[in-house]
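Peer 1: Sending over my_file.txt (compact mmCIF, C-alpha atoms).
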```txt
# COMPACT_ATOMS: atom_id res chain seq x y z
CA MET W 1 165.03 -55.57 114.68
CA LYS W 2 168.63 -56.32 115.63
CA ARG W 3 171.28 -55.10 113.22
CA PHE W 4 172.74 -58.57 112.58
CA SER W 5 169.75 -60.80 113.14
CA PRO W 6 169.24 -63.67 110.66
CA ARG W 7 165.61 -62.62 110.22
CA ARG W 8 166.63 -59.11 109.17
CA TRP W 9 169.11 -60.46 106.62
CA LEU W 10 166.52 -62.84 105.21
CA TRP W 11 164.18 -59.88 104.61
CA ILE W 12 167.02 -57.86 103.06
CA SER W 13 167.94 -60.84 100.84
CA LEU W 14 164.33 -61.23 99.73
CA GLY W 15 164.05 -57.52 98.97
CA THR W 16 167.32 -57.42 97.08
CA SER W 17 166.40 -60.51 95.06
CA CYS W 18 163.05 -58.97 94.16
CA VAL W 19 164.71 -55.72 93.06
CA ALA W 20 167.03 -57.75 90.83
CA LEU W 21 164.16 -59.76 89.33
CA GLY W 22 162.04 -56.63 88.89
CA THR W 23 164.90 -54.87 87.14
CA ILE W 24 165.36 -57.83 84.79
CA GLY W 25 161.59 -57.73 84.22
CA MET W 26 161.90 -54.21 82.84
CA PHE W 27 163.71 -55.75 79.86
CA LEU W 28 162.03 -59.15 79.59
CA PRO W 29 158.35 -58.78 78.74
CA LEU W 30 157.27 -62.04 80.38
CA LEU W 31 158.78 -61.23 83.79
CA PRO W 32 156.74 -58.78 85.86
CA THR W 33 158.35 -55.74 87.43
CA ALA W 34 155.66 -54.25 89.66
CA ILE W 35 154.96 -57.25 91.87
CA PHE W 36 158.67 -57.80 92.55
CA MET W 37 159.12 -54.15 93.53
CA ILE W 38 156.05 -54.26 95.78
CA ILE W 39 157.44 -57.35 97.52
CA ALA W 40 160.84 -55.65 97.80
CA ALA W 41 159.27 -52.62 99.48
CA TYR W 42 157.44 -54.95 101.89
CA ALA W 43 160.67 -56.80 102.72
CA PHE W 44 162.67 -53.60 103.13
CA ALA W 45 159.99 -52.13 105.40
CA ARG W 46 160.63 -55.08 107.73
CA SER W 47 164.41 -54.93 107.60
CA SER W 48 166.00 -51.67 106.50
CA PRO W 49 164.52 -48.17 106.75
CA ALA W 50 167.27 -46.90 104.42
CA LEU W 51 166.46 -49.42 101.67
CA HIS W 52 162.72 -48.86 102.14
CA ASP W 53 163.20 -45.09 101.83
CA TRP W 54 165.35 -45.63 98.72
CA ILE W 55 162.79 -47.78 96.89
CA MET W 56 159.89 -45.52 97.87
CA ALA W 57 161.77 -42.44 96.63
CA HIS W 58 162.89 -44.12 93.39
CA LYS W 59 161.61 -42.14 90.41
CA VAL W 60 160.39 -45.25 88.53
CA PHE W 61 159.47 -47.73 91.26
CA GLY W 62 158.30 -45.37 94.02
CA PRO W 63 155.09 -44.14 92.34
CA MET W 64 154.20 -47.69 91.25
CA ILE W 65 154.55 -48.98 94.81
CA SER W 66 152.72 -46.01 96.33
CA ASN W 67 149.82 -46.34 93.88
CA TRP W 68 149.44 -49.98 94.79
CA HIS W 69 149.82 -49.40 98.53
CA GLU W 70 147.47 -46.42 98.73
CA HIS W 71 144.88 -47.23 96.06
CA GLY W 72 145.36 -50.83 94.89
CA ALA W 73 145.83 -49.15 91.52
CA ILE W 74 147.60 -50.25 88.34
CA PRO W 75 148.34 -47.70 85.58
CA THR W 76 146.71 -48.25 82.19
CA LYS W 77 150.09 -48.66 80.46
CA ALA W 78 151.02 -51.44 82.89
CA LYS W 79 147.65 -53.11 82.32
CA ILE W 80 148.16 -53.04 78.55
CA LEU W 81 151.69 -54.45 78.81
CA THR W 82 150.44 -57.16 81.15
CA ILE W 83 147.68 -58.22 78.76
CA ILE W 84 150.13 -58.26 75.84
CA SER W 85 152.54 -60.40 77.87
CA ILE W 86 149.73 -62.76 78.81
CA GLY W 87 148.76 -63.09 75.16
CA VAL W 88 152.34 -63.77 74.11
CA SER W 89 152.77 -66.36 76.89
CA PHE W 90 149.58 -68.12 75.92
CA GLY W 91 150.53 -68.02 72.25
CA LEU W 92 153.90 -69.60 73.00
CA ALA W 93 152.11 -72.58 74.52
CA PHE W 94 150.65 -73.30 71.08
CA VAL W 95 153.92 -72.59 69.26
CA PHE W 96 155.72 -75.14 71.46
CA HIS W 97 152.86 -77.65 71.10
CA LEU W 98 152.25 -78.07 74.81
CA PRO W 99 149.78 -80.75 75.85
CA VAL W 100 146.14 -79.74 75.95
CA TRP W 101 145.98 -80.09 79.74
CA ALA W 102 148.95 -77.70 80.14
CA ILE W 103 147.42 -75.15 77.78
CA THR W 104 144.14 -75.40 79.68
CA VAL W 105 145.77 -74.89 83.08
CA GLN W 106 147.86 -72.03 81.73
CA GLY W 107 144.81 -70.46 80.07
CA VAL W 108 142.76 -70.55 83.27
CA CYS W 109 145.61 -69.09 85.36
CA LEU W 110 146.37 -66.36 82.82
CA LEU W 111 142.69 -65.51 82.50
CA LEU W 112 142.42 -65.08 86.28
CA VAL W 113 145.50 -62.85 86.31
CA ALA W 114 144.13 -60.81 83.39
CA VAL W 115 140.77 -60.32 85.12
CA PHE W 116 142.51 -59.25 88.34
CA VAL W 117 144.77 -56.76 86.56
CA VAL W 118 142.05 -55.26 84.37
CA THR W 119 139.65 -54.80 87.29
CA ARG W 120 142.15 -52.84 89.41
CA PRO W 121 141.48 -49.10 89.46
CA LYS W 122 143.68 -46.62 87.66
CA PRO W 123 145.84 -44.44 89.91
CA PRO W 124 144.48 -40.97 90.56
CA ARG W 125 145.82 -38.22 88.35
CA PRO W 126 148.32 -35.96 90.13
CA SER W 127 145.76 -33.13 90.12
CA ASP W 128 143.14 -35.47 91.65
CA HIS W 129 145.60 -36.69 94.25
CA GLY W 130 146.65 -33.16 95.22
CA SER W 131 143.09 -31.88 95.50
CA ALA W 132 142.11 -34.84 97.66
CA LYS W 133 144.91 -34.01 100.09
CA GLN W 134 143.82 -30.37 100.24
CA ARG W 135 140.29 -31.24 101.37
```
Could you render the structure as structure tokens?

Peer 2:
Amino acid sequence: MKRFSPRRWLWISLGTSCVALGTIGMFLPLLPTAIFMIIAAYAFARSSPALHDWIMAHKVFGPMISNWHEHGAIPTKAKILTIISIGVSFGLAFVFHLPVWAITVQGVCLLLVAVFVVTRPKPPRPSDHGSAKQR
């Protein structure tokens, strides 16, 4: 990809925006972190080898992205936090007295997300991962 192509800069902008949103999501329980970092890695892979290498080597985000890329896996802690966030979001709909149709739509969407997250495998333990590579 050309160094100054508009397409490249759109990918870099998307990746940078996702890193910013994912970072904010580390502190706001209702904003996800993992999906934004996965999208950022995807965008950086299409635009900047240096940024892609940085995010993949990051001590917090790198393993999360690798686990998803290699195994479609979500760690148990992330699953628990996701389910808690889903419960809080759904509970807020009642606190703010949303219309029944809105609560229903939200409930169906959140249920689908919860089922997806819970049914993803756990990442392999480091000892499992290392022994699989040795075979």

Peer 1: With a distance cut-off of 9 Å and all atoms listed in the file, select the neighbouring residues of W:Arg120, excluding the residue or stretch itself and same-chain residues fewer than 5 positions from it, and output the selection as a list in words.

Peer 2: Gly72, Ala73, Ile74, Pro75, Lys79 and Val115 of chain W

Peer 1: So how far away is atom CA of W:Phe90 from atom CA of W:Gln106, in Å?

Peer 2: 7.2 Å

Peer 1: Between atom CA of W:Thr33 and atom CA of W:Leu21, what is the spacing in Å?

Peer 2: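 Answer for the atom CA of W:Leu21 to atom CA of W:Thr33 separation: 7.3 Å.
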
Peer 1: Pick out the closest residue to W:Ile35 from this set: W:His69, W:His52, W:Arg125, W:His97. Count all atoms listed in the file.

Peer 2: W:His69

Peer 1: Between atom CA of W:Leu111 and atom CA of W:Ala34, what is the distance, to one decimal in Å?

Peer 2: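 Computing it gives 18.6 Å between the two atoms.
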
Peer 1: Could you pull the residues within 12 Å of W:Trp54, counting all atoms listed in the file, minus those fewer than 2 positions along the same chain, as a list in words?

Peer 2: Gly15, Val19, Met37, Ala40, Ala41, Phe44, Ala45, Ser48, Pro49, Ala50, Leu51, His52, Met56, Ala57, His58, Lys59, Val60, Phe61, Gly62 and Ile65 of chain W

Peer 1: Could you tell me which of W:Met64, W:Ile38, W:Ile84, W:Ala93 comes closest to W:Val105 if we count only C-alpha atoms?

Peer 2: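 Among W:Met64, W:Ile38, W:Ile84, W:Ala93, it is W:Ala93 that comes nearest to W:Val105.
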
Peer 1: From the set W:Pro32, W:Gly87, W:Pro121, W:Pro126, which residue has the shortest atom-to-atom contact distance to W:Gly107, counting only C-alpha atoms?

Peer 2: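 Between W:Pro32, W:Gly87, W:Pro121, W:Pro126, the residue approaching W:Gly107 most closely is W:Gly87.
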